[in-house]
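Student: File entry30.cif follows (mmCIF, C-alpha atoms):
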data_query
#
loop_
_atom_site.label_atom_id
_atom_site.label_comp_id
_atom_site.auth_asym_id
_atom_site.auth_seq_id
_atom_site.Cartn_x
_atom_site.Cartn_y
_atom_site.Cartn_z
CA MET A 1 174.65 87.49 47.98
CA ARG A 2 173.31 84.37 49.71
CA CYS A 3 173.18 86.28 52.98
CA ASN A 4 171.20 89.10 51.39
CA LEU A 5 168.73 86.58 49.92
CA ILE A 6 168.07 85.04 53.33
CA LYS A 7 167.49 88.46 54.85
CA SER A 8 165.15 89.29 52.00
CA LYS A 9 163.18 86.09 52.54
CA LYS A 10 163.00 86.70 56.29
CA GLY A 11 161.76 90.21 55.63
CA ASP A 12 159.17 88.90 53.20
CA ILE A 13 157.99 86.27 55.69
CA SER A 14 157.69 88.77 58.60
CA GLN A 15 155.43 91.18 56.72
CA PRO A 16 152.25 89.03 56.90
CA PHE A 17 152.84 88.45 60.61
CA ILE A 18 153.11 92.20 61.25
CA PHE A 19 149.91 92.75 59.28
CA ILE A 20 148.06 90.01 61.22
CA PHE A 21 149.39 91.34 64.53
CA ALA A 22 148.13 94.82 63.68
CA ILE A 23 144.66 93.45 62.85
CA VAL A 24 144.47 91.40 66.06
CA ALA A 25 145.77 94.26 68.20
CA GLY A 26 143.34 96.69 66.58
CA ALA A 27 140.44 94.28 67.12
CA LEU A 28 141.41 93.85 70.78
CA ILE A 29 141.66 97.59 71.33
CA LEU A 30 138.32 98.17 69.59
CA THR A 31 136.69 95.39 71.67
CA PHE A 32 138.08 96.91 74.85
CA LEU A 33 136.83 100.38 73.91
CA LEU A 34 133.37 99.01 73.10
CA TRP A 35 133.33 97.02 76.34
CA PHE A 36 134.44 100.07 78.31
CA ALA A 37 131.85 102.32 76.65
CA ARG A 38 129.12 99.76 77.19
CA GLY A 39 130.12 99.32 80.82
CA HIS A 40 130.22 103.07 81.31
CA VAL A 41 126.74 103.43 79.83
CA ARG A 42 125.48 100.62 82.07
CA ILE A 43 127.05 102.20 85.17
CA GLU A 44 125.47 105.56 84.31
CA SER A 45 122.14 103.84 83.70
CA LEU A 46 122.32 102.03 87.05
CA LYS A 47 123.32 105.28 88.74
CA SER A 48 120.35 107.02 87.15
CA SER A 49 118.05 104.19 88.26
CA GLN A 50 119.29 104.38 91.85
CA GLU A 51 118.84 108.15 91.83
CA ALA A 52 115.28 107.69 90.53
CA ALA A 53 114.55 105.20 93.33
CA PHE A 54 115.93 107.63 95.91
CA TYR A 55 113.87 110.50 94.48
CA PHE A 56 110.78 108.27 94.48
CA ASP A 57 111.19 107.36 98.16
CA GLU A 58 111.96 110.97 99.12
CA THR A 59 108.79 112.12 97.35
CA LEU A 60 106.73 109.69 99.41
CA THR A 61 108.38 110.90 102.61
CA LEU A 62 107.55 114.53 101.79
CA LEU A 63 103.92 113.64 101.10
CA SER A 64 103.60 112.14 104.58
CA ALA A 65 103.45 115.65 106.02
CA GLY A 66 99.85 115.94 104.80
CA GLU A 67 96.74 114.07 105.88
CA ASP A 68 95.29 113.79 102.38
CA VAL A 69 97.67 114.61 99.53
CA TYR A 70 98.04 113.54 95.93
CA LYS A 71 100.73 114.19 93.36
CA SER A 72 101.92 113.15 89.92
CA ILE A 73 105.58 112.29 89.40
CA ASP A 74 106.59 113.31 85.89
CA ASN A 75 109.73 111.87 84.30
CA PRO A 76 111.28 113.06 81.04
CA LEU A 77 112.05 109.40 80.31
CA LYS A 78 109.67 106.47 80.48
CA ARG A 79 110.86 104.37 83.39
CA LYS A 80 110.03 100.86 84.55
CA TYR A 81 109.19 100.54 88.23
CA GLU A 82 108.80 97.26 90.10
CA ILE A 83 107.20 97.56 93.53
CA SER A 84 106.95 94.51 95.73
CA CYS A 85 106.16 94.48 99.45
CA GLY A 86 108.43 97.20 100.77
CA THR A 87 110.98 97.20 97.95
CA LEU A 88 111.38 99.30 94.82
CA LYS A 89 113.38 98.48 91.69
CA VAL A 90 113.83 101.05 88.93
CA GLU A 91 114.93 99.72 85.52
CA GLU A 92 117.91 97.39 86.09
CA GLY A 93 118.93 98.96 89.39
CA LYS A 94 119.26 97.04 92.62
CA PRO A 95 116.08 96.64 94.68
CA ALA A 96 115.90 99.41 97.28
CA LYS A 97 113.99 99.33 100.53
CA LEU A 98 110.92 101.55 100.69
CA ASN A 99 110.39 103.34 103.97
CA SER A 100 106.71 103.79 103.18
CA ILE A 101 103.66 101.51 103.07
CA VAL A 102 102.78 101.28 99.38
CA PHE A 103 99.80 99.73 97.60
CA SER A 104 100.18 99.53 93.82
CA PRO A 105 100.45 97.31 90.75
CA LYS A 106 103.70 95.37 90.76
CA GLN A 107 104.85 96.63 87.37
CA LEU A 108 104.58 100.29 86.37
CA SER A 109 105.97 101.68 83.13
CA ALA A 110 105.18 105.30 82.38
CA ASN A 111 106.40 108.88 82.20
CA LYS A 112 103.88 109.77 84.90
CA LEU A 113 102.98 108.09 88.18
CA SER A 114 99.89 108.94 90.24
CA ILE A 115 100.45 108.94 94.01
CA TYR A 116 97.81 109.37 96.71
CA SER A 117 98.95 109.73 100.32
CA LYS A 118 96.35 109.23 103.04
CA SER A 119 96.66 109.14 106.83
CA ILE A 120 94.97 106.06 108.26
CA LEU A 121 93.21 106.67 111.57
CA PHE A 122 92.16 103.67 113.64
CA PRO A 123 91.13 105.50 115.76
CA PHE A 124 94.47 107.30 116.29
CA LYS A 125 96.81 107.86 113.36
CA ILE A 126 98.70 104.71 112.42
CA ALA A 127 100.67 105.91 109.38
CA ASN A 128 100.33 107.33 105.90
CA ILE A 129 99.67 104.83 103.15
CA TYR A 130 100.60 105.49 99.51
CA ILE A 131 98.37 104.34 96.67
CA ILE A 132 100.20 104.39 93.33
CA SER A 133 99.19 103.75 89.73
CA ASP A 134 99.87 105.06 86.24
CA PRO A 135 97.52 106.27 83.48
CA SER A 136 97.86 103.04 81.51
CA LYS A 137 96.10 101.11 84.30
CA ARG A 138 92.33 101.42 83.93
CA TYR A 139 89.80 100.38 86.55
CA LEU A 140 86.08 99.92 85.96
CA PHE A 141 83.86 100.43 89.04
CA VAL A 142 80.60 98.52 88.63
CA TYR A 143 77.62 99.47 90.80
CA ASP A 144 73.92 98.67 91.21
CA GLU A 145 71.05 100.66 92.73
CA ARG A 146 72.12 99.75 96.26
CA THR A 147 75.73 100.95 95.82
CA LYS A 148 75.22 103.74 93.28
CA ASP A 149 75.50 106.61 95.79
CA LEU A 150 78.60 105.12 97.38
CA VAL A 151 80.45 104.63 94.10
CA GLU A 152 79.44 108.04 92.74
CA SER A 153 80.76 109.63 95.94
CA PHE A 154 84.24 108.47 94.91
CA LYS A 155 84.08 111.11 92.18
CA LYS A 156 81.77 113.76 93.68
CA ASP A 157 82.04 113.83 97.46
CA ILE A 158 85.09 115.83 98.56
CA ARG A 159 85.29 113.80 101.79
CA VAL A 160 85.85 110.44 100.11
CA LYS A 161 86.53 111.00 96.42
CA LEU A 162 89.52 109.48 94.69
CA PRO A 163 91.93 111.93 93.05
CA GLU A 164 91.21 112.48 89.36
CA ILE A 165 94.81 111.57 88.52
CA PHE A 166 93.74 107.91 88.78
CA ASN A 167 92.26 106.28 85.71
CA PHE A 168 88.91 104.86 86.84
CA GLN A 169 85.43 104.98 85.38
CA LEU A 170 81.99 104.17 86.75
CA ILE A 171 79.46 101.93 85.04
CA SER A 172 76.17 100.42 86.15
CA LYS A 173 75.77 96.66 86.32
CA GLN A 174 73.10 96.80 83.62
CA ASN A 175 75.31 98.78 81.23
CA LEU A 176 78.26 96.50 81.89
CA ILE A 177 76.34 93.38 80.87
CA SER A 178 74.80 95.02 77.80
CA THR A 179 78.05 96.55 76.49
CA LEU A 180 80.50 93.78 77.41
CA ASN A 181 81.37 93.00 73.80
CA GLU A 182 82.05 96.66 73.02
CA LEU A 183 84.29 96.98 76.08
CA THR A 184 86.62 94.31 74.73
CA LYS A 185 88.11 97.02 72.48
CA GLN A 186 89.43 98.75 75.61
CA GLN A 187 92.28 97.83 77.92
CA ILE A 188 90.86 97.27 81.40
CA THR A 189 93.15 96.35 84.27
CA ARG A 190 90.49 95.39 86.80
CA PHE A 191 86.72 95.13 87.14
CA VAL A 192 85.85 96.42 90.62
CA LEU A 193 82.45 95.00 91.51
CA PHE A 194 80.30 96.80 94.08
CA THR A 195 77.55 94.42 93.06
CA GLN A 196 76.91 90.71 92.68
CA LEU A 197 77.30 89.02 89.30
CA SER A 198 76.39 85.49 88.39
CA GLN A 199 79.22 83.01 88.04
CA GLN A 200 78.37 82.83 84.35
CA ASP A 201 78.90 86.59 83.94
CA ILE A 202 82.15 86.45 85.94
CA ASN A 203 83.45 83.64 83.72
CA LYS A 204 82.43 85.63 80.65
CA ILE A 205 84.42 88.68 81.83
CA LEU A 206 87.52 86.58 82.52
CA GLN A 207 87.20 84.91 79.12
CA LYS A 208 86.69 88.11 77.14
CA PHE A 209 89.38 90.02 79.07
CA PRO A 210 92.28 87.58 79.52
CA ASN A 211 94.59 90.31 80.85
CA SER A 212 92.10 91.59 83.43
CA ASP A 213 90.98 90.41 86.83
CA ILE A 214 88.06 91.06 89.18
CA LEU A 215 87.78 92.47 92.68
CA LEU A 216 84.48 91.65 94.36
CA ILE A 217 83.59 93.99 97.25
CA ASP A 218 81.15 93.42 100.09
CA TYR A 219 80.94 96.93 101.58
CA GLN A 220 79.44 97.32 105.06
CA ASP A 221 79.57 100.79 106.60
CA GLY A 222 83.24 101.62 105.99
CA SER A 223 84.63 98.10 106.18
CA GLY A 224 83.98 94.77 104.54
CA ASN A 225 85.24 91.70 102.73
CA LEU A 226 87.13 91.32 99.46
CA LYS A 227 87.50 88.57 96.89
CA PHE A 228 90.34 88.76 94.34
CA ILE A 229 89.31 86.72 91.29
CA SER A 230 91.50 85.79 88.31
CA LYS A 231 91.41 83.02 85.71
CA THR A 232 93.67 80.86 87.87
CA SER A 233 92.79 81.68 91.48
CA THR A 234 90.40 83.20 94.00
CA ALA A 235 91.60 84.73 97.28
CA ASP A 236 89.75 86.37 100.17
CA SER A 237 90.71 89.41 102.21
CA ASN A 238 89.12 92.37 104.00
CA PHE A 239 89.42 96.12 104.61
CA PHE A 240 88.82 98.05 107.82
CA SER A 241 88.43 101.57 106.40
CA LEU A 242 87.34 103.19 103.16
CA HIS A 243 90.87 104.17 102.18
CA MET A 244 92.09 100.62 102.79
CA LEU A 245 89.46 99.66 100.22
CA PHE A 246 91.08 102.10 97.77
CA ALA A 247 94.42 100.49 98.65
CA ALA A 248 93.06 97.05 97.76
CA ILE A 249 91.61 98.28 94.46
CA PHE A 250 95.00 99.48 93.21
CA SER A 251 97.10 96.63 94.63
CA GLN A 252 98.50 94.02 92.28
CA ASP A 253 96.72 91.11 93.94
CA GLN A 254 95.72 89.67 97.30
CA ASN A 255 99.31 88.77 98.24
CA THR A 256 100.74 92.25 97.72
CA TYR A 257 97.75 93.86 99.41
CA GLU A 258 98.04 91.57 102.45
CA CYS A 259 101.79 92.18 102.71
CA SER A 260 101.43 95.97 102.85
CA LYS A 261 98.37 95.72 105.09
CA ALA A 262 100.40 93.58 107.51
CA GLN A 263 103.01 96.35 107.70
CA LEU A 264 100.27 98.80 108.64
CA LEU A 265 98.71 96.50 111.25
CA ASN A 266 102.10 95.83 112.83
CA LYS A 267 102.47 99.59 113.28
CA LEU A 268 99.02 99.62 114.87
CA LYS A 269 100.18 97.02 117.41
CA LEU A 270 103.35 99.01 118.21
CA LEU A 271 101.42 102.24 118.65
CA SER A 272 98.89 100.48 120.88
CA LYS A 273 101.76 99.60 123.23
CA PHE A 274 102.88 103.23 123.17
CA TYR A 275 99.39 104.51 124.02
CA SER A 276 99.11 101.89 126.75
CA GLN A 277 102.29 103.26 128.34
CA LYS A 278 100.89 106.77 127.96
CA ALA A 279 97.71 105.68 129.76
CA SER A 280 99.78 104.28 132.63
CA LEU A 281 101.66 107.56 133.01
CA LEU A 282 98.46 109.61 132.91
CA ASN A 283 96.87 107.32 135.47
CA SER A 284 99.42 108.44 138.05
CA ALA A 285 98.67 112.12 137.32
CA PHE A 286 94.87 112.01 137.10
CA THR A 287 92.64 110.37 139.69
CA ASN A 288 89.23 108.82 139.05
CA CYS A 289 89.92 108.49 135.30
CA PRO A 290 89.40 105.22 133.37
CA TYR A 291 93.01 104.90 132.18
CA PRO A 292 93.26 101.27 133.39
CA GLN A 293 90.27 100.50 131.18
CA ALA A 294 92.01 102.16 128.24
CA SER A 295 95.19 100.16 128.91
CA GLY A 296 93.12 96.98 128.99
CA VAL A 297 91.70 97.72 125.52
CA LEU A 298 95.10 98.65 124.11
CA ASN A 299 96.88 95.61 125.52
CA SER A 300 94.23 93.21 124.21
CA ILE A 301 94.42 94.32 120.58
CA ASP A 302 93.78 91.49 118.12
CA ILE A 303 94.56 92.13 114.44
CA SER A 304 93.73 88.63 113.21
CA THR A 305 90.14 89.26 112.12
CA LEU A 306 88.05 92.14 110.82
CA GLU A 307 85.57 91.78 113.69
CA SER A 308 88.28 92.00 116.34
CA LEU A 309 89.71 95.12 114.69
CA LYS A 310 86.30 96.79 114.60
CA SER A 311 85.70 95.87 118.25
CA PHE A 312 89.08 97.35 119.23
CA LYS A 313 88.32 100.62 117.43
CA ILE A 314 84.84 100.99 118.97
CA SER A 315 86.05 100.18 122.50
CA LEU A 316 88.97 102.59 122.34
CA GLU A 317 86.81 105.38 120.92
CA GLU A 318 84.32 104.91 123.75
CA VAL A 319 86.89 105.13 126.54
CA ASN A 320 88.69 108.05 124.87
CA ASN A 321 85.36 109.95 124.64
CA ILE A 322 84.82 109.35 128.34
CA LEU A 323 88.28 110.76 129.06
CA ALA A 324 87.71 113.78 126.83
CA GLY A 325 84.29 114.43 128.35
CA GLY A 326 85.55 114.46 131.95
CA ASN A 327 88.39 116.15 133.73
CA CYS A 328 90.86 113.76 132.13
CA ALA A 329 93.42 114.10 129.37
CA PRO A 330 92.39 112.11 126.27
CA LEU A 331 94.82 109.56 124.89
CA TYR A 332 94.81 110.96 121.34
#
Go ahead and express the file in the form of structure tokens.

Tutor:
Amino acid sequence: MRCNLIKSKKGDISQPFIFIFAIVAGALILTFLLWFARGHVRIESLKSSQEAAFYFDETLTLLSAGEDVYKSIDNPLKRKYEISCGTLKVEEGKPAKLNSIVFSPKQLSANKLSIYSKSILFPFKIANIYIISDPSKRYLFVYDERTKDLVESFKKDIRVKLPEIFNFQLISKQNLISTLNELTKQQITRFVLFTQLSQQDINKILQKFPNSDILLIDYQDGSGNLKFISKTSTADSNFFSLHMLFAAIFSQDQNTYECSKAQLLNKLKLLSKFYSQKASLLNSAFTNCPYPQASGVLNSIDISTLESLKSFKISLEEVNNILAGGNCAPLY
């Protein structure tokens, strides 16, 4: 009887431990299943993000076949894109290298992206650039009497107009100043000034629109100087063609614009070497042609200043016209 009592007590004592063990084991299994499911969801999300990045880059590559092409990328899901100097990150995916020269805001979050692909000629084709934005980014182009025709041509003139998929509006300098308080009800990404404003008016804009910045443009026959103005900094830059001006307008800031512009100018230097070699080969096949002069221009390219770039373009165009007008093969 004593033996049976001990067994009974041992049995009674073991029951709580079995119950506790079952709870702990169940909790561990449930935690593992939740961890596994969460990890699986994360892996699928990262996979989807990487696929979206690949599709994005492939879309840009396909657009390079055209000289002047625009397209909207529509996604069933609202995605977050981060574009920074040759790299693209979608959602929480790893940054992927972009094989294209892109000018855009750094952060994009939308179901739809607006993409404009344009071949840059200087004077031969350098590459296609890609200007990207989304409908939530709004740009206000401010003009005066001197620049009215130019700015209106961005909407009307088929040769230079920006695609309508971009969210930009035109406003005169006079209307801007008189309606500034009313405009505060709207979300404006950037004030693009094709006119001069007083420092007082610039400070007023930055104060009333804390999430906006200003791009001041000095346009001079297809090229010119730029000033990126925010509440905390002012930075200078330039553009050497009208479409590089568009690129600056939709870039995040001076740093991102300069980074992508540098990629383009480096391609210009590489192509200049290629055309110089082409000139040397043609010089041996054609006599009495100014190919040595063309090589001299191409080998002396200087991308450091706007003036040197303009001089390079003019000089190369002149010698290429001479080649084309004689019994010589033109370079491009």

Student: If you apply the PyMOL selection byres ((chain A and resi 62) around 12) to this file, what residues do you get, as a ChimeraX atom specification?

Tutor: /A:55-61,63-67,69-71,99-100,115,117,128,130

Student: Tell me which of A:Cys289, A:Leu197, A:Ala247, A:Leu298 sits closest to A:Asn321, counting all atoms listed in the file.

Tutor: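 The closest residue to A:Asn321 is A:Cys289.
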
Student: How many Å separate atom CA of A:Leu183 from atom CA of A:Glu145?

Tutor: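 Rounded to one decimal, the two atoms are 21.6 Å apart.
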
Student: Which one is closest to A:Leu140: A:Ile188, A:Ala96, A:Leu162, A:Leu323? Count all atoms listed in the file.

Tutor: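 For A:Leu140, the nearest of the candidates is A:Ile188.
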
Student: Counting all atoms listed in the file, which residue out of A:Glu307, A:Gly326, A:Asp253, A:Tyr332 sits closest to A:Ala279?

Tutor: A:Tyr332

Student: Hey, can you check how far atom CA of A:Leu98 sits from atom CA of A:Ile126?

Tutor: 17.2 Å

Student: With the file shown as input, list the residues that the PyMOL selection byres ((chain A and resi 308-316) around 8) selects, as a compact mmCIF listing (two decimals) with C-alpha atoms, in the frame of the given file.

Tutor:
# COMPACT_ATOMS: atom_id res chain seq x y z
CA PHE A 122 92.16 103.67 113.64
CA PRO A 123 91.13 105.50 115.76
CA PHE A 240 88.82 98.05 107.82
CA ALA A 294 92.01 102.16 128.24
CA VAL A 297 91.70 97.72 125.52
CA LEU A 298 95.10 98.65 124.11
CA ILE A 301 94.42 94.32 120.58
CA ASP A 302 93.78 91.49 118.12
CA ILE A 303 94.56 92.13 114.44
CA SER A 304 93.73 88.63 113.21
CA THR A 305 90.14 89.26 112.12
CA LEU A 306 88.05 92.14 110.82
CA GLU A 307 85.57 91.78 113.69
CA GLU A 317 86.81 105.38 120.92
CA GLU A 318 84.32 104.91 123.75
CA VAL A 319 86.89 105.13 126.54
CA ASN A 320 88.69 108.05 124.87

Student: With only C-alpha atoms as the basis for distance, which of A:Ile129, A:Leu193, A:Ile205, A:Cys328 is at the shortest distance from A:Thr147?

Tutor: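 Under the stated criterion, the closest residue is A:Leu193.
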
Student: Given the file shown, determine the residues that the PyMOL selection byres ((chain A and resi 256-267) around 7) selects; report them as a PyMOL selection string.

Tutor: chain A and resi 84-85+101-103+126+248+251-255+268-271+303

Student: What's the separation between atom CA of A:Gln199 and atom CA of A:Leu242, in Å to one decimal place?

Tutor: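 Between these atoms lies a distance of 26.5 Å.
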
Student: Kindly indicate which residue among A:Val151, A:Ile165, A:Ala127, A:Val90 lies nearest to A:Ser114, using all atoms listed in the file for the distances.

Tutor: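 Checking each candidate against A:Ser114, we get A:Ile165 as the closest.
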
Student: Can you tell me, as a ChimeraX atom specification, what residues are no more than 10 Å from A:Asp134 when counting all atoms listed in the file, ignoring any on the same chain fewer than 6 positions away?

Tutor: /A:72-73,104-105,107-115,165-167

Student: Would you pick out the contacts of A:Gln187 at 10 Å or less, using only C-alpha atoms, so that residues sharing its chain but fewer than 5 positions from it are not included, and give the list as a list in words?

Tutor: Ser136, Lys137, Arg138, Tyr139, Phe209, Asn211 and Ser212 of chain A

Student: I'd like the neighbourhood of A:Ser153 as a list in words, where a residue qualifies if any of its atoms comes within 12 Å (using all atoms listed in the file), though same-chain residues fewer than 2 positions away should be ignored.

Tutor: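 The contact residues come out as Phe141, Tyr143, Thr147, Lys148, Asp149, Leu150, Val151, Lys155, Lys156, Asp157, Ile158, Arg159, Val160, Lys161, Leu162, Pro163, Leu170 and Leu242 of chain A.
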
Student: Those residues with C-alpha atoms, as a compact mmCIF listing (two decimals), in the frame of the given file please?

Tutor:
# COMPACT_ATOMS: atom_id res chain seq x y z
CA PHE A 141 83.86 100.43 89.04
CA TYR A 143 77.62 99.47 90.80
CA THR A 147 75.73 100.95 95.82
CA LYS A 148 75.22 103.74 93.28
CA ASP A 149 75.50 106.61 95.79
CA LEU A 150 78.60 105.12 97.38
CA VAL A 151 80.45 104.63 94.10
CA LYS A 155 84.08 111.11 92.18
CA LYS A 156 81.77 113.76 93.68
CA ASP A 157 82.04 113.83 97.46
CA ILE A 158 85.09 115.83 98.56
CA ARG A 159 85.29 113.80 101.79
CA VAL A 160 85.85 110.44 100.11
CA LYS A 161 86.53 111.00 96.42
CA LEU A 162 89.52 109.48 94.69
CA PRO A 163 91.93 111.93 93.05
CA LEU A 170 81.99 104.17 86.75
CA LEU A 242 87.34 103.19 103.16

Student: Write out N, CA and C atoms for stretch 266-290 of chain A, as a PDB file, in the frame of the given file.

Tutor:
ATOM      1  N   ASN A 266     100.997  95.963 111.867  1.00  0.00           N
ATOM      2  CA  ASN A 266     102.100  95.830 112.830  1.00  0.00           C
ATOM      3  C   ASN A 266     102.406  97.180 113.482  1.00  0.00           C
ATOM      4  N   LYS A 267     102.296  98.251 112.700  1.00  0.00           N
ATOM      5  CA  LYS A 267     102.470  99.590 113.280  1.00  0.00           C
ATOM      6  C   LYS A 267     101.352  99.896 114.272  1.00  0.00           C
ATOM      7  N   LEU A 268     100.150  99.433 113.960  1.00  0.00           N
ATOM      8  CA  LEU A 268      99.020  99.620 114.870  1.00  0.00           C
ATOM      9  C   LEU A 268      99.308  98.948 116.217  1.00  0.00           C
ATOM     10  N   LYS A 269      99.861  97.742 116.176  1.00  0.00           N
ATOM     11  CA  LYS A 269     100.180  97.020 117.410  1.00  0.00           C
ATOM     12  C   LYS A 269     101.254  97.767 118.216  1.00  0.00           C
ATOM     13  N   LEU A 270     102.280  98.268 117.521  1.00  0.00           N
ATOM     14  CA  LEU A 270     103.350  99.010 118.210  1.00  0.00           C
ATOM     15  C   LEU A 270     102.821 100.285 118.843  1.00  0.00           C
ATOM     16  N   LEU A 271     101.977 100.998 118.120  1.00  0.00           N
ATOM     17  CA  LEU A 271     101.420 102.240 118.650  1.00  0.00           C
ATOM     18  C   LEU A 271     100.458 101.976 119.799  1.00  0.00           C
ATOM     19  N   SER A 272      99.782 100.843 119.767  1.00  0.00           N
ATOM     20  CA  SER A 272      98.890 100.480 120.880  1.00  0.00           C
ATOM     21  C   SER A 272      99.693 100.314 122.162  1.00  0.00           C
ATOM     22  N   LYS A 273     100.890  99.731 122.060  1.00  0.00           N
ATOM     23  CA  LYS A 273     101.760  99.600 123.230  1.00  0.00           C
ATOM     24  C   LYS A 273     102.181 100.982 123.736  1.00  0.00           C
ATOM     25  N   PHE A 274     102.484 101.876 122.791  1.00  0.00           N
ATOM     26  CA  PHE A 274     102.880 103.230 123.170  1.00  0.00           C
ATOM     27  C   PHE A 274     101.749 103.943 123.906  1.00  0.00           C
ATOM     28  N   TYR A 275     100.525 103.849 123.375  1.00  0.00           N
ATOM     29  CA  TYR A 275      99.390 104.510 124.020  1.00  0.00           C
ATOM     30  C   TYR A 275      99.044 103.847 125.353  1.00  0.00           C
ATOM     31  N   SER A 276      99.320 102.566 125.478  1.00  0.00           N
ATOM     32  CA  SER A 276      99.110 101.890 126.750  1.00  0.00           C
ATOM     33  C   SER A 276     100.061 102.441 127.812  1.00  0.00           C
ATOM     34  N   GLN A 277     101.317 102.664 127.424  1.00  0.00           N
ATOM     35  CA  GLN A 277     102.290 103.260 128.340  1.00  0.00           C
ATOM     36  C   GLN A 277     101.891 104.694 128.696  1.00  0.00           C
ATOM     37  N   LYS A 278     101.361 105.412 127.707  1.00  0.00           N
ATOM     38  CA  LYS A 278     100.890 106.770 127.960  1.00  0.00           C
ATOM     39  C   LYS A 278      99.737 106.751 128.972  1.00  0.00           C
ATOM     40  N   ALA A 279      98.834 105.795 128.827  1.00  0.00           N
ATOM     41  CA  ALA A 279      97.710 105.680 129.760  1.00  0.00           C
ATOM     42  C   ALA A 279      98.205 105.407 131.176  1.00  0.00           C
ATOM     43  N   SER A 280      99.231 104.579 131.307  1.00  0.00           N
ATOM     44  CA  SER A 280      99.780 104.280 132.630  1.00  0.00           C
ATOM     45  C   SER A 280     100.384 105.526 133.275  1.00  0.00           C
ATOM     46  N   LEU A 281     101.072 106.324 132.482  1.00  0.00           N
ATOM     47  CA  LEU A 281     101.660 107.560 133.010  1.00  0.00           C
ATOM     48  C   LEU A 281     100.582 108.556 133.409  1.00  0.00           C
ATOM     49  N   LEU A 282      99.539 108.683 132.591  1.00  0.00           N
ATOM     50  CA  LEU A 282      98.460 109.610 132.910  1.00  0.00           C
ATOM     51  C   LEU A 282      97.666 109.156 134.120  1.00  0.00           C
ATOM     52  N   ASN A 283      97.617 107.856 134.334  1.00  0.00           N
ATOM     53  CA  ASN A 283      96.870 107.320 135.470  1.00  0.00           C
ATOM     54  C   ASN A 283      97.461 107.771 136.799  1.00  0.00           C
ATOM     55  N   SER A 284      98.770 107.986 136.820  1.00  0.00           N
ATOM     56  CA  SER A 284      99.420 108.440 138.050  1.00  0.00           C
ATOM     57  C   SER A 284      99.233 109.943 138.274  1.00  0.00           C
ATOM     58  N   ALA A 285      98.846 110.664 137.208  1.00  0.00           N
ATOM     59  CA  ALA A 285      98.670 112.120 137.320  1.00  0.00           C
ATOM     60  C   ALA A 285      97.215 112.528 137.495  1.00  0.00           C
ATOM     61  N   PHE A 286      96.294 111.700 137.016  1.00  0.00           N
ATOM     62  CA  PHE A 286      94.870 112.010 137.100  1.00  0.00           C
ATOM     63  C   PHE A 286      94.165 110.921 137.906  1.00  0.00           C
ATOM     64  N   THR A 287      93.391 111.339 138.889  1.00  0.00           N
ATOM     65  CA  THR A 287      92.640 110.370 139.690  1.00  0.00           C
ATOM     66  C   THR A 287      91.215 110.237 139.164  1.00  0.00           C
ATOM     67  N   ASN A 288      90.618 109.092 139.454  1.00  0.00           N
ATOM     68  CA  ASN A 288      89.230 108.820 139.050  1.00  0.00           C
ATOM     69  C   ASN A 288      89.017 108.904 137.539  1.00  0.00           C
ATOM     70  N   CYS A 289      90.027 108.518 136.765  1.00  0.00           N
ATOM     71  CA  CYS A 289      89.920 108.490 135.300  1.00  0.00           C
ATOM     72  C   CYS A 289      90.106 107.044 134.826  1.00  0.00           C
ATOM     73  N   PRO A 290      89.375 106.635 133.804  1.00  0.00           N
ATOM     74  CA  PRO A 290      89.400 105.220 133.370  1.00  0.00           C
ATOM     75  C   PRO A 290      90.617 104.855 132.510  1.00  0.00           C
TER      76      PRO A 290
END
